[in-house]
>>> print(open('final-v3.tsv').read())   # TSV, C-alpha atoms
chain	number	residue	atom	x	y	z
A	1	MET	CA	-4.55	1.44	10.12
A	2	TRP	CA	-3.07	4.90	9.60
A	3	GLY	CA	-6.51	6.39	10.05
A	4	LEU	CA	-6.83	4.71	13.43
A	5	LEU	CA	-3.46	6.17	14.39
A	6	ARG	CA	-4.67	9.61	13.44
A	7	THR	CA	-7.79	9.10	15.57
A	8	MET	CA	-5.69	8.10	18.56
A	9	CYS	CA	-2.80	10.51	18.19
A	10	LEU	CA	-4.50	13.56	16.80
A	11	VAL	CA	-8.10	13.52	17.95
A	12	HIS	CA	-9.51	16.01	15.49
A	13	ILE	CA	-11.86	17.65	17.96
A	14	PHE	CA	-8.85	19.23	19.68
A	15	GLY	CA	-7.57	20.65	16.42
A	16	SER	CA	-8.82	24.18	16.98
A	17	ILE	CA	-7.21	24.22	20.41
A	18	PHE	CA	-3.75	23.34	19.12
A	19	CYS	CA	-3.78	25.26	15.82
A	20	ILE	CA	-1.80	28.14	17.32
A	21	PHE	CA	1.12	25.75	17.83
A	22	LYS	CA	1.51	24.84	14.16
A	23	GLN	CA	5.05	24.95	12.89
A	24	LYS	CA	6.96	23.88	9.82
A	25	PRO	CA	8.07	20.23	9.85
A	26	ARG	CA	11.69	19.41	10.43
A	27	ASN	CA	11.93	17.53	7.12
A	28	PRO	CA	10.82	19.44	4.00
A	29	GLU	CA	9.52	16.28	2.28
A	30	ALA	CA	6.71	16.11	4.83
A	31	ASN	CA	4.59	18.52	2.79
A	32	MET	CA	5.82	17.58	-0.69
A	33	ASN	CA	4.00	15.49	-3.27
A	34	VAL	CA	5.57	12.51	-5.03
A	35	SER	CA	7.17	14.41	-7.90
A	36	GLU	CA	8.53	17.05	-5.53
A	37	ILE	CA	10.17	14.40	-3.33
A	38	ILE	CA	11.82	12.76	-6.32
A	39	SER	CA	13.14	16.11	-7.56
A	40	PHE	CA	14.23	17.12	-4.05
A	41	TRP	CA	16.65	14.20	-3.94
A	42	GLY	CA	18.01	14.97	-7.41
A	43	TYR	CA	16.39	12.16	-9.41
A	44	VAL	CA	14.77	12.38	-12.83
A	45	TYR	CA	11.12	11.37	-12.99
A	46	GLU	CA	8.24	10.98	-15.41
A	47	GLU	CA	4.56	11.24	-14.56
A	48	TYR	CA	1.66	9.63	-16.41
A	49	GLU	CA	-2.06	9.09	-16.00
A	50	VAL	CA	-3.58	5.64	-16.40
A	51	VAL	CA	-7.29	5.40	-17.18
A	52	THR	CA	-8.95	2.21	-15.99
A	53	GLU	CA	-11.65	0.38	-17.91
A	54	ASP	CA	-14.26	1.79	-15.53
A	55	GLY	CA	-13.00	5.37	-15.82
A	56	TYR	CA	-10.75	6.03	-12.81
A	57	ILE	CA	-7.66	8.13	-13.50
A	58	LEU	CA	-4.56	6.89	-11.67
A	59	PRO	CA	-1.29	8.86	-11.47
A	60	LEU	CA	1.77	6.73	-12.24
A	61	TYR	CA	5.36	7.81	-11.53
A	62	ARG	CA	8.57	6.59	-13.09
A	63	ILE	CA	12.17	6.90	-11.91
A	64	PRO	CA	13.89	5.69	-15.09
A	65	HIS	CA	17.41	5.53	-13.72
A	66	GLY	CA	19.61	6.17	-10.72
A	67	LYS	CA	20.76	9.54	-9.51
A	68	ASN	CA	24.27	9.24	-10.93
A	69	GLU	CA	23.24	7.97	-14.37
A	70	SER	CA	23.06	10.56	-17.13
A	71	SER	CA	20.96	8.54	-19.56
A	72	HIS	CA	18.30	5.88	-19.60
A	73	LEU	CA	18.54	5.05	-23.30
A	74	VAL	CA	19.66	1.52	-22.47
A	75	SER	CA	16.73	-0.74	-21.64
A	76	LYS	CA	16.64	-1.68	-17.96
A	77	PRO	CA	14.72	-4.32	-16.01
A	78	VAL	CA	11.39	-2.85	-14.92
A	79	VAL	CA	10.19	-2.99	-11.31
A	80	TYR	CA	6.70	-1.88	-10.30
A	81	LEU	CA	5.92	-0.94	-6.67
A	82	GLN	CA	2.35	-1.19	-5.34
A	83	HIS	CA	1.57	0.46	-1.99
A	84	GLY	CA	-0.61	-0.80	0.84
A	85	TRP	CA	-4.04	0.08	2.20
A	86	THR	CA	-4.72	3.80	2.86
A	87	LEU	CA	-1.28	4.68	1.47
A	88	SER	CA	0.06	6.02	-1.82
A	89	ALA	CA	3.11	5.91	-4.09
A	90	SER	CA	4.88	8.30	-1.72
A	91	ILE	CA	5.38	5.57	0.92
A	92	TRP	CA	8.22	4.18	-1.20
A	93	LEU	CA	10.03	7.53	-0.95
A	94	VAL	CA	9.53	8.78	2.63
A	95	ASN	CA	13.06	7.96	3.80
A	96	PRO	CA	16.35	9.23	2.33
A	97	PRO	CA	17.39	7.50	-0.94
A	98	LYS	CA	19.50	4.76	0.61
A	99	SER	CA	16.55	3.79	2.83
A	100	SER	CA	13.63	4.19	0.39
A	101	LEU	CA	12.95	1.26	-1.91
A	102	GLY	CA	11.93	3.47	-4.84
A	103	PHE	CA	15.28	5.27	-4.91
A	104	PHE	CA	17.20	2.18	-3.81
A	105	LEU	CA	16.06	0.16	-6.82
A	106	ALA	CA	16.71	3.02	-9.25
A	107	ASP	CA	20.29	3.31	-7.97
A	108	ALA	CA	20.64	-0.47	-8.28
A	109	GLY	CA	20.08	-0.18	-12.02
A	110	PHE	CA	16.35	-0.68	-12.47
A	111	ASP	CA	13.56	1.23	-14.21
A	112	VAL	CA	11.23	1.94	-11.27
A	113	TRP	CA	7.49	2.64	-11.48
A	114	LEU	CA	5.28	3.74	-8.57
A	115	GLY	CA	1.51	3.27	-8.77
A	116	ASN	CA	-1.54	4.61	-6.95
A	117	SER	CA	-4.81	2.87	-6.11
A	118	ARG	CA	-8.08	4.65	-6.78
A	119	GLY	CA	-9.37	6.79	-3.96
A	120	ASN	CA	-6.09	7.89	-2.42
A	121	ILE	CA	-5.16	11.56	-2.33
A	122	TYR	CA	-3.49	11.39	-5.75
A	123	ALA	CA	-6.15	9.29	-7.45
A	124	ARG	CA	-9.43	11.10	-6.94
A	125	LYS	CA	-10.27	11.80	-10.57
A	126	HIS	CA	-12.66	10.02	-12.87
A	127	VAL	CA	-13.63	10.40	-16.51
A	128	TYR	CA	-17.19	11.37	-15.60
A	129	LEU	CA	-17.90	10.70	-11.89
A	130	ASP	CA	-17.61	13.45	-9.28
A	131	SER	CA	-15.25	12.46	-6.46
A	132	ASN	CA	-17.81	13.81	-3.98
A	133	SER	CA	-20.45	11.35	-5.16
A	134	GLU	CA	-21.26	8.01	-3.57
A	135	GLU	CA	-20.90	6.42	-7.00
A	136	PHE	CA	-17.21	7.37	-7.14
A	137	TRP	CA	-16.54	5.61	-3.81
A	138	ALA	CA	-18.54	2.46	-4.59
A	139	PHE	CA	-15.51	0.21	-4.81
A	140	SER	CA	-13.60	-2.26	-2.67
A	141	TYR	CA	-10.34	-4.00	-3.40
A	142	ASP	CA	-12.22	-6.13	-5.97
A	143	GLU	CA	-12.09	-3.19	-8.37
A	144	LEU	CA	-8.41	-2.60	-7.66
A	145	ILE	CA	-7.81	-6.24	-8.59
A	146	LYS	CA	-10.04	-6.23	-11.65
A	147	TYR	CA	-9.30	-2.77	-13.06
A	148	ASP	CA	-6.48	-0.80	-11.40
A	149	LEU	CA	-3.70	-3.35	-11.45
A	150	PRO	CA	-4.27	-4.60	-15.03
A	151	ALA	CA	-4.52	-1.05	-16.39
A	152	THR	CA	-1.34	0.03	-14.62
A	153	ILE	CA	0.75	-3.00	-15.52
A	154	ASP	CA	-0.45	-2.96	-19.14
A	155	PHE	CA	0.51	0.69	-19.40
A	156	ILE	CA	4.02	0.00	-18.07
A	157	VAL	CA	4.54	-2.97	-20.36
A	158	ASN	CA	3.41	-1.01	-23.40
A	159	LYS	CA	5.47	2.06	-22.49
A	160	THR	CA	8.71	0.21	-21.78
A	161	GLY	CA	8.37	-2.46	-24.44
A	162	GLN	CA	9.17	-5.10	-21.82
A	163	LYS	CA	7.28	-8.36	-22.07
A	164	GLN	CA	7.63	-9.04	-18.36
A	165	ILE	CA	8.23	-6.88	-15.29
A	166	TYR	CA	9.00	-7.45	-11.61
A	167	TYR	CA	6.24	-6.71	-9.10
A	168	VAL	CA	6.77	-5.57	-5.51
A	169	GLY	CA	3.74	-5.22	-3.24
A	170	HIS	CA	3.41	-4.32	0.41
A	171	SER	CA	0.38	-5.16	2.54
A	172	GLN	CA	-2.68	-4.55	0.32
A	173	GLY	CA	-0.27	-4.47	-2.60
A	174	THR	CA	0.33	-8.18	-1.97
A	175	LEU	CA	-3.40	-8.90	-1.71
A	176	LEU	CA	-3.97	-7.25	-5.09
A	177	ALA	CA	-1.27	-9.41	-6.64
A	178	PHE	CA	-2.69	-12.65	-5.22
A	179	GLY	CA	-6.16	-11.69	-6.43
A	180	ALA	CA	-5.18	-10.41	-9.87
A	181	PHE	CA	-2.54	-12.98	-10.78
A	182	SER	CA	-4.80	-15.88	-9.76
A	183	THR	CA	-7.79	-14.68	-11.82
A	184	ASN	CA	-6.16	-12.93	-14.79
A	185	THR	CA	-3.78	-15.33	-16.52
A	186	GLN	CA	-2.87	-12.84	-19.25
A	187	LEU	CA	-1.78	-10.35	-16.61
A	188	ALA	CA	0.10	-13.00	-14.64
A	189	ARG	CA	2.21	-13.83	-17.72
A	190	LYS	CA	3.58	-10.28	-17.64
A	191	ILE	CA	5.10	-10.74	-14.17
A	192	LYS	CA	8.53	-12.36	-13.83
A	193	ILE	CA	8.60	-12.48	-10.02
A	194	ASN	CA	6.06	-11.38	-7.44
A	195	PHE	CA	7.76	-9.90	-4.35
A	196	SER	CA	5.45	-9.80	-1.30
A	197	LEU	CA	6.30	-7.68	1.75
A	198	GLY	CA	4.09	-8.16	4.81
A	199	PRO	CA	1.68	-10.35	2.79
A	200	ILE	CA	-2.03	-10.27	3.64
A	201	THR	CA	-5.31	-11.66	2.39
A	202	THR	CA	-7.93	-12.22	5.12
A	203	LEU	CA	-6.42	-10.76	8.34
A	204	LYS	CA	-8.35	-13.44	10.26
A	205	TYR	CA	-5.74	-13.65	13.01
A	206	SER	CA	-4.76	-9.99	13.05
A	207	LYS	CA	-4.27	-8.54	16.52
A	208	GLY	CA	-4.00	-5.24	18.35
A	209	VAL	CA	-6.09	-2.12	17.87
A	210	ILE	CA	-6.79	-2.89	14.22
A	211	ARG	CA	-8.69	-5.97	15.29
A	212	SER	CA	-11.35	-3.80	16.90
A	213	ILE	CA	-12.76	-2.80	13.50
A	214	ALA	CA	-13.99	-6.38	13.06
A	215	LEU	CA	-16.53	-5.67	15.80
A	216	LEU	CA	-18.30	-3.08	13.66
A	217	GLU	CA	-21.49	-4.10	11.87
A	218	ARG	CA	-22.04	-2.91	8.30
A	219	THR	CA	-24.73	-0.40	9.28
A	220	THR	CA	-22.68	0.91	12.22
A	221	THR	CA	-19.63	1.35	10.02
A	222	LYS	CA	-21.61	3.39	7.51
A	223	ILE	CA	-23.15	5.52	10.28
A	224	ILE	CA	-19.70	6.28	11.71
A	225	PHE	CA	-17.76	6.73	8.47
A	226	GLY	CA	-20.42	7.44	5.85
A	227	GLU	CA	-20.42	5.77	2.43
A	228	LYS	CA	-17.66	7.64	0.61
A	229	GLY	CA	-13.99	8.15	1.38
A	230	ILE	CA	-12.18	7.54	4.64
A	231	PHE	CA	-8.78	7.96	6.30
A	232	PHE	CA	-7.54	11.08	4.55
A	233	SER	CA	-4.71	13.09	6.08
A	234	GLY	CA	-5.85	16.69	6.08
A	235	ASP	CA	-5.04	19.48	8.51
A	236	ALA	CA	-4.58	16.84	11.20
A	237	LYS	CA	-1.16	15.96	9.76
A	238	TYR	CA	0.17	19.28	11.04
A	239	TYR	CA	-0.79	18.34	14.58
A	240	ALA	CA	1.01	15.03	14.18
A	241	GLN	CA	4.08	16.79	12.85
A	242	PHE	CA	3.99	19.31	15.67
A	243	PHE	CA	3.75	16.77	18.47
A	244	CYS	CA	5.39	13.64	17.11
A	245	GLN	CA	8.58	15.32	15.94
A	246	ARG	CA	9.41	16.46	19.47
A	247	GLU	CA	12.00	14.33	21.21
A	248	LYS	CA	9.92	13.08	24.16
A	249	ILE	CA	6.54	12.89	22.45
A	250	ALA	CA	8.01	11.13	19.40
A	251	THR	CA	8.49	8.07	21.57
A	252	VAL	CA	4.80	8.17	22.49
A	253	CYS	CA	3.84	8.31	18.81
A	254	ASN	CA	6.24	5.46	18.16
A	255	ASN	CA	4.46	3.43	20.83
A	256	LEU	CA	1.09	4.20	19.23
A	257	LEU	CA	2.43	2.84	15.96
A	258	THR	CA	3.46	-0.26	17.88
A	259	LEU	CA	-0.16	-0.80	19.01
A	260	LEU	CA	-1.30	-0.66	15.39
A	261	LEU	CA	1.46	-2.43	13.50
A	262	GLY	CA	3.44	-4.57	15.91
A	263	TYR	CA	6.35	-4.23	18.29
A	264	ASN	CA	9.73	-3.14	16.94
A	265	PRO	CA	10.00	0.52	17.99
A	266	GLN	CA	13.79	0.62	17.80
A	267	ASN	CA	13.55	0.10	14.02
A	268	LEU	CA	11.58	3.31	13.43
A	269	ASN	CA	13.45	6.49	12.47
A	270	GLU	CA	11.76	8.94	14.84
A	271	SER	CA	13.40	11.88	13.07
A	272	ARG	CA	11.19	11.09	10.05
A	273	ILE	CA	7.83	10.85	11.82
A	274	ASP	CA	6.76	14.23	10.45
A	275	VAL	CA	7.29	12.84	6.93
A	276	TYR	CA	5.32	9.69	7.68
A	277	ALA	CA	2.50	11.78	9.16
A	278	GLY	CA	2.57	14.01	6.09
A	279	HIS	CA	1.96	11.11	3.72
A	280	ALA	CA	-0.25	8.74	5.68
A	281	PRO	CA	-3.08	8.09	5.68
A	282	ALA	CA	-3.71	8.86	2.01
A	283	GLY	CA	-7.31	7.65	1.84
A	284	THR	CA	-9.48	4.82	0.63
A	285	SER	CA	-13.20	3.95	0.43
A	286	VAL	CA	-15.50	2.89	3.25
A	287	GLN	CA	-16.47	-0.09	1.12
A	288	THR	CA	-12.85	-1.27	1.15
A	289	LEU	CA	-12.91	-1.08	4.95
A	290	LEU	CA	-16.07	-3.20	4.95
A	291	HIS	CA	-14.34	-5.71	2.70
A	292	TYR	CA	-11.47	-6.07	5.18
A	293	ILE	CA	-13.93	-6.49	8.06
A	294	GLN	CA	-15.56	-9.26	6.04
A	295	GLY	CA	-12.21	-11.04	5.64
A	296	MET	CA	-11.42	-10.75	9.33
A	297	ARG	CA	-14.71	-12.40	10.24
A	298	THR	CA	-14.87	-15.13	7.62
A	299	GLY	CA	-11.20	-15.94	7.14
A	300	ILE	CA	-11.97	-16.33	3.43
A	301	PHE	CA	-10.28	-14.44	0.60
A	302	GLN	CA	-13.32	-13.68	-1.52
A	303	ALA	CA	-15.13	-10.93	-3.39
A	304	TYR	CA	-17.15	-8.27	-1.58
A	305	ASP	CA	-20.31	-9.51	0.13
A	306	TRP	CA	-23.12	-7.12	-0.77
A	307	GLY	CA	-25.08	-8.14	2.31
A	308	SER	CA	-27.96	-10.12	0.85
A	309	LEU	CA	-28.56	-13.18	-1.32
A	310	PHE	CA	-30.40	-11.03	-3.85
A	311	LEU	CA	-27.60	-8.49	-4.25
A	312	ASN	CA	-24.93	-11.19	-4.44
A	313	MET	CA	-26.96	-12.98	-7.12
A	314	LEU	CA	-27.25	-9.68	-8.97
A	315	HIS	CA	-23.50	-9.06	-8.92
A	316	TYR	CA	-22.10	-12.59	-9.10
A	317	GLY	CA	-24.88	-14.89	-10.26
A	318	GLN	CA	-24.55	-16.86	-7.01
A	319	PRO	CA	-25.75	-16.33	-3.42
A	320	THR	CA	-22.27	-16.00	-1.92
A	321	PRO	CA	-19.25	-14.01	-3.15
A	322	PRO	CA	-16.79	-16.03	-5.27
A	323	GLN	CA	-13.45	-16.90	-3.70
A	324	TYR	CA	-10.06	-15.90	-5.00
A	325	LYS	CA	-8.19	-19.16	-5.59
A	326	ILE	CA	-4.60	-18.28	-4.78
A	327	ARG	CA	-3.37	-21.73	-5.81
A	328	ASP	CA	-4.25	-20.84	-9.39
A	329	MET	CA	-1.50	-18.20	-9.35
A	330	LYS	CA	1.66	-19.62	-10.96
A	331	VAL	CA	3.86	-16.51	-10.75
A	332	PRO	CA	7.12	-17.20	-8.84
A	333	THR	CA	6.73	-15.52	-5.46
A	334	ALA	CA	9.32	-14.31	-2.95
A	335	MET	CA	8.03	-13.29	0.47
A	336	TRP	CA	9.16	-11.47	3.60
A	337	SER	CA	7.02	-11.71	6.74
A	338	GLY	CA	7.38	-10.47	10.31
A	339	GLY	CA	7.02	-12.23	13.63
A	340	GLU	CA	5.72	-9.05	15.32
A	341	ASP	CA	3.35	-8.09	12.51
A	342	LEU	CA	-0.11	-7.45	13.98
A	343	LEU	CA	-1.78	-7.26	10.56
A	344	ALA	CA	-0.04	-10.04	8.61
A	345	ASP	CA	-0.10	-12.40	11.57
A	346	PRO	CA	2.24	-15.40	11.28
A	347	ILE	CA	-0.74	-17.78	11.37
A	348	ASP	CA	-2.40	-16.00	8.43
A	349	VAL	CA	0.92	-15.95	6.58
A	350	ARG	CA	1.51	-19.66	7.18
A	351	GLN	CA	-1.91	-20.50	5.73
A	352	LEU	CA	-1.30	-18.16	2.80
A	353	VAL	CA	2.07	-19.74	1.99
A	354	ALA	CA	0.42	-23.16	1.94
A	355	ASP	CA	-1.94	-21.91	-0.78
A	356	ILE	CA	0.78	-20.47	-3.05
A	357	SER	CA	1.93	-22.99	-5.62
A	358	ASN	CA	5.25	-21.36	-6.56
A	359	VAL	CA	7.07	-19.92	-3.53
A	360	ILE	CA	10.72	-19.46	-4.47
A	361	TYR	CA	11.79	-17.71	-1.26
A	362	HIS	CA	10.30	-16.92	2.14
A	363	LYS	CA	12.20	-15.04	4.80
A	364	LYS	CA	10.70	-14.73	8.25
A	365	ILE	CA	12.08	-11.83	10.28
A	366	PRO	CA	11.07	-12.48	13.91
A	367	GLU	CA	11.30	-8.86	15.13
A	368	TYR	CA	9.60	-7.17	12.14
A	369	ASN	CA	6.26	-5.36	12.32
A	370	HIS	CA	4.01	-4.46	9.39
A	371	MET	CA	5.77	-1.29	8.24
A	372	ASP	CA	9.36	-2.38	8.84
A	373	PHE	CA	9.49	-3.85	5.33
A	374	VAL	CA	9.07	-0.36	3.84
A	375	ILE	CA	10.38	2.21	6.34
A	376	GLY	CA	12.39	0.14	8.85
A	377	LEU	CA	15.90	1.38	9.62
A	378	ASP	CA	17.42	-1.96	8.67
A	379	ALA	CA	15.09	-2.73	5.72
A	380	PRO	CA	17.86	-1.99	3.16
A	381	ASN	CA	20.01	-4.77	4.63
A	382	LYS	CA	17.30	-7.27	5.51
A	383	VAL	CA	14.91	-6.80	2.58
A	384	PHE	CA	15.96	-4.38	-0.20
A	385	ASN	CA	19.35	-5.95	-0.90
A	386	GLU	CA	17.73	-9.36	-1.15
A	387	ILE	CA	15.16	-8.13	-3.68
A	388	VAL	CA	17.99	-6.76	-5.83
A	389	ALA	CA	19.96	-10.01	-5.48
A	390	ILE	CA	17.00	-12.17	-6.50
A	391	ILE	CA	16.30	-9.99	-9.55
A	392	ASN	CA	19.93	-10.01	-10.61
A	393	GLU	CA	20.12	-13.78	-10.21
A	394	ASP	CA	16.96	-14.13	-12.32
A	395	LEU	CA	18.43	-11.88	-15.01
A	396	SER	CA	21.62	-13.91	-15.18
A	397	SER	CA	19.86	-17.27	-15.39
>>> encode(input="final-v3.tsv", output="structure tokens")
Amino acid sequence: MWGLLRTMCLVHIFGSIFCIFKQKPRNPEANMNVSEIISFWGYVYEEYEVVTEDGYILPLYRIPHGKNESSHLVSKPVVYLQHGWTLSASIWLVNPPKSSLGFFLADAGFDVWLGNSRGNIYARKHVYLDSNSEEFWAFSYDELIKYDLPATIDFIVNKTGQKQIYYVGHSQGTLLAFGAFSTNTQLARKIKINFSLGPITTLKYSKGVIRSIALLERTTTKIIFGEKGIFFSGDAKYYAQFFCQREKIATVCNNLLTLLLGYNPQNLNESRIDVYAGHAPAGTSVQTLLHYIQGMRTGIFQAYDWGSLFLNMLHYGQPTPPQYKIRDMKVPTAMWSGGEDLLADPIDVRQLVADISNVIYHKKIPEYNHMDFVIGLDAPNKVFNEIVAIINEDLSS
């Protein structure tokens, strides 16, 4: 979705024309990495590397306590944040502390961990594969479900000594939870509550510009995008920062976001657009894009279709990809969904909720679009505070 925005807002072919207008962004965090942002706001952090069973190396960040706490010797409840498609751990930190969930939870008294999915700008290392090879990029969200999430959560549990942690996912982060916790019972036992923001699985009823990708055939997609990585924010982010941070043009960029994510432009902090452009998109694989196209067309939450009966038999031992059975997930789940969300359409969400066997809370926010749950101006009041309240209630029970 962020890659489509870049295509629309920054058409790369005009890059050389506008390069003479480059200027420094208004907000310094726009060009910082995750650790630099955390330090910039005066928080302590720890950084680790998680190695998955199939060799991918994933950076993992920890904010062990709030800004005004001098020690984290006392054990705290652990909360893990999993970002969405084409994003990274930085999305939880792109607003000031009181408006960024990563900082917000740390200041609320939790031990906060921020993960990265393979293939984004921070997670392009492997034990033996070259990140420029097609082999490195031969993954969809199946591998994130099977390898990335278990490796990350196991690392956190072992490091903190906690038997159970709280999980917060946004967009693809929710899809990974539904897939992993329904198929990996040992992993599911390590999650106290699954918090889902803008929950998605199939995107069958998604609308707007993003829907156009469903028209692409597999071969056409590979011709256009290749067979490796896609949606990386490179030099183009400077063009976004140059244009979108200007008072009049910022509104245009805001409207472009509306076409991609849903209508609620008044909830976007236009003074931070240079930061958002600096951290999104963060990259993913073309195969993951193909997997989402598959879900849009079939309306089925299932493993990646390799395109032929023979290849599916080779990978799965059956002619069609196996389905993820969400009803098998028993983890208590709290959800927030938006009425103006073009990706997590209310129809898709309603069908998803019907498949979840243990929904403990579901708040529908009529005016919310897909990114409001993470960067919306009123997200602290409408979402973040409720997450904290639910955790605290669980801890006291």
>>> closest_residue(input="final-v3.tsv", among="A:Ala188, A:Ile387, A:Ile200, A:Val51", to="Tyr128 of chain A", atoms="only C-alpha atoms")
A:Val51
>>> residues_around(input="final-v3.tsv", residues="Ile63 of chain A", least_positions_apart="3", cutoff="9 Å", atoms="only C-alpha atoms", output="list in words")
Ile38, Tyr43, Val44, Tyr45, Glu46, Gly66, Gly102, Phe103, Ala106, Phe110, Asp111, Val112, Trp113 and Leu114 of chain A
>>> closest_atom_pairs(input="final-v3.tsv", of="segment 295-352 of chain A", to="segment 205-213 of chain A", cutoff="10 Å", atoms="all atoms listed in the file", output="tab-separated table")
residue	atom	partner	partner_atom	distance
A:Met296	CA	A:Tyr205	CA	7.4
A:Arg297	CA	A:Tyr205	CA	9.5
A:Gly299	CA	A:Tyr205	CA	8.3
A:Asp341	CA	A:Ser206	CA	8.3
A:Leu342	CA	A:Lys207	CA	5.0
A:Leu343	CA	A:Ser206	CA	4.7
A:Ala344	CA	A:Ser206	CA	6.5
A:Asp345	CA	A:Ser206	CA	5.5
A:Pro346	CA	A:Tyr205	CA	8.4
A:Ile347	CA	A:Tyr205	CA	6.7
A:Asp348	CA	A:Tyr205	CA	6.1
A:Val349	CA	A:Tyr205	CA	9.5
>>> write_last_selection(input="final-v3.tsv", atoms="C-alpha atoms", output="PDB file, keeping the file's coordinate frame")
ATOM      1  CA  MET A 296     -11.420 -10.750   9.330  1.00  0.00           C
ATOM      2  CA  ARG A 297     -14.710 -12.400  10.240  1.00  0.00           C
ATOM      3  CA  GLY A 299     -11.200 -15.940   7.140  1.00  0.00           C
ATOM      4  CA  ASP A 341       3.350  -8.090  12.510  1.00  0.00           C
ATOM      5  CA  LEU A 342      -0.110  -7.450  13.980  1.00  0.00           C
ATOM      6  CA  LEU A 343      -1.780  -7.260  10.560  1.00  0.00           C
ATOM      7  CA  ALA A 344      -0.040 -10.040   8.610  1.00  0.00           C
ATOM      8  CA  ASP A 345      -0.100 -12.400  11.570  1.00  0.00           C
ATOM      9  CA  PRO A 346       2.240 -15.400  11.280  1.00  0.00           C
ATOM     10  CA  ILE A 347      -0.740 -17.780  11.370  1.00  0.00           C
ATOM     11  CA  ASP A 348      -2.400 -16.000   8.430  1.00  0.00           C
ATOM     12  CA  VAL A 349       0.920 -15.950   6.580  1.00  0.00           C
TER      13      VAL A 349
END
>>> closest_residue(input="final-v3.tsv", among="A:Pro59, A:Pro322, A:Pro366, A:Pro97", to="Thr152 of chain A", atoms="all atoms listed in the file")
A:Pro59
>>> closest_atom_pairs(input="final-v3.tsv", of="segment 33-115 of chain A", to="segment 160-168 of chain A", cutoff="6 Å", atoms="all atoms listed in the file", output="CSV")
residue,atom,partner,partner_atom,distance
A:Val78,CA,A:Ile165,CA,5.1
A:Val79,CA,A:Tyr166,CA,4.6
A:Tyr80,CA,A:Tyr167,CA,5.0
A:Leu81,CA,A:Val168,CA,4.8
>>> decode(input="final-v3.tsv", residues="segment 163-167 of chain A", atoms="all heavy atoms", output="CSV table (one decimal), in the first residue's frame")
chain,number,residue,atom,x,y,z
A,163,LYS,N,6.5,-16.4,31.1
A,163,LYS,CA,5.9,-17.6,30.5
A,163,LYS,C,4.9,-17.1,29.4
A,163,LYS,O,4.7,-17.9,28.4
A,163,LYS,CB,5.1,-18.4,31.5
A,163,LYS,CG,6.1,-19.1,32.5
A,163,LYS,CD,5.3,-20.0,33.5
A,163,LYS,CE,6.2,-20.7,34.4
A,163,LYS,NZ,5.5,-21.6,35.4
A,164,GLN,N,4.3,-16.0,29.6
A,164,GLN,CA,3.3,-15.5,28.6
A,164,GLN,C,3.5,-14.0,28.4
A,164,GLN,O,4.0,-13.3,29.3
A,164,GLN,CB,1.9,-15.7,29.1
A,164,GLN,CG,1.4,-17.1,29.1
A,164,GLN,CD,-0.1,-17.2,29.4
A,164,GLN,OE1,-0.5,-16.7,30.4
A,164,GLN,NE2,-0.8,-17.9,28.5
A,165,ILE,N,3.2,-13.5,27.2
A,165,ILE,CA,3.4,-12.1,26.8
A,165,ILE,C,2.1,-11.6,26.1
A,165,ILE,O,1.3,-12.4,25.7
A,165,ILE,CB,4.6,-11.9,25.9
A,165,ILE,CG1,4.4,-12.5,24.5
A,165,ILE,CG2,5.9,-12.4,26.6
A,165,ILE,CD1,5.5,-12.2,23.5
A,166,TYR,N,2.0,-10.3,26.0
A,166,TYR,CA,0.9,-9.7,25.3
A,166,TYR,C,1.3,-9.4,23.9
A,166,TYR,O,2.4,-8.9,23.7
A,166,TYR,CB,0.4,-8.5,26.0
A,166,TYR,CG,-0.2,-8.7,27.4
A,166,TYR,CD1,0.6,-8.6,28.5
A,166,TYR,CD2,-1.5,-9.1,27.5
A,166,TYR,CE1,0.1,-8.9,29.8
A,166,TYR,CE2,-2.0,-9.4,28.8
A,166,TYR,CZ,-1.2,-9.3,29.9
A,166,TYR,OH,-1.7,-9.5,31.2
A,167,TYR,N,0.5,-9.7,22.9
A,167,TYR,CA,0.8,-9.5,21.5
A,167,TYR,C,-0.1,-8.4,20.9
A,167,TYR,O,-1.3,-8.4,21.0
A,167,TYR,CB,0.6,-10.8,20.7
A,167,TYR,CG,0.9,-10.7,19.2
A,167,TYR,CD1,2.1,-11.1,18.7
A,167,TYR,CD2,-0.1,-10.2,18.3
A,167,TYR,CE1,2.4,-11.1,17.4
A,167,TYR,CE2,0.2,-10.2,17.0
A,167,TYR,CZ,1.4,-10.6,16.5
A,167,TYR,OH,1.7,-10.5,15.1
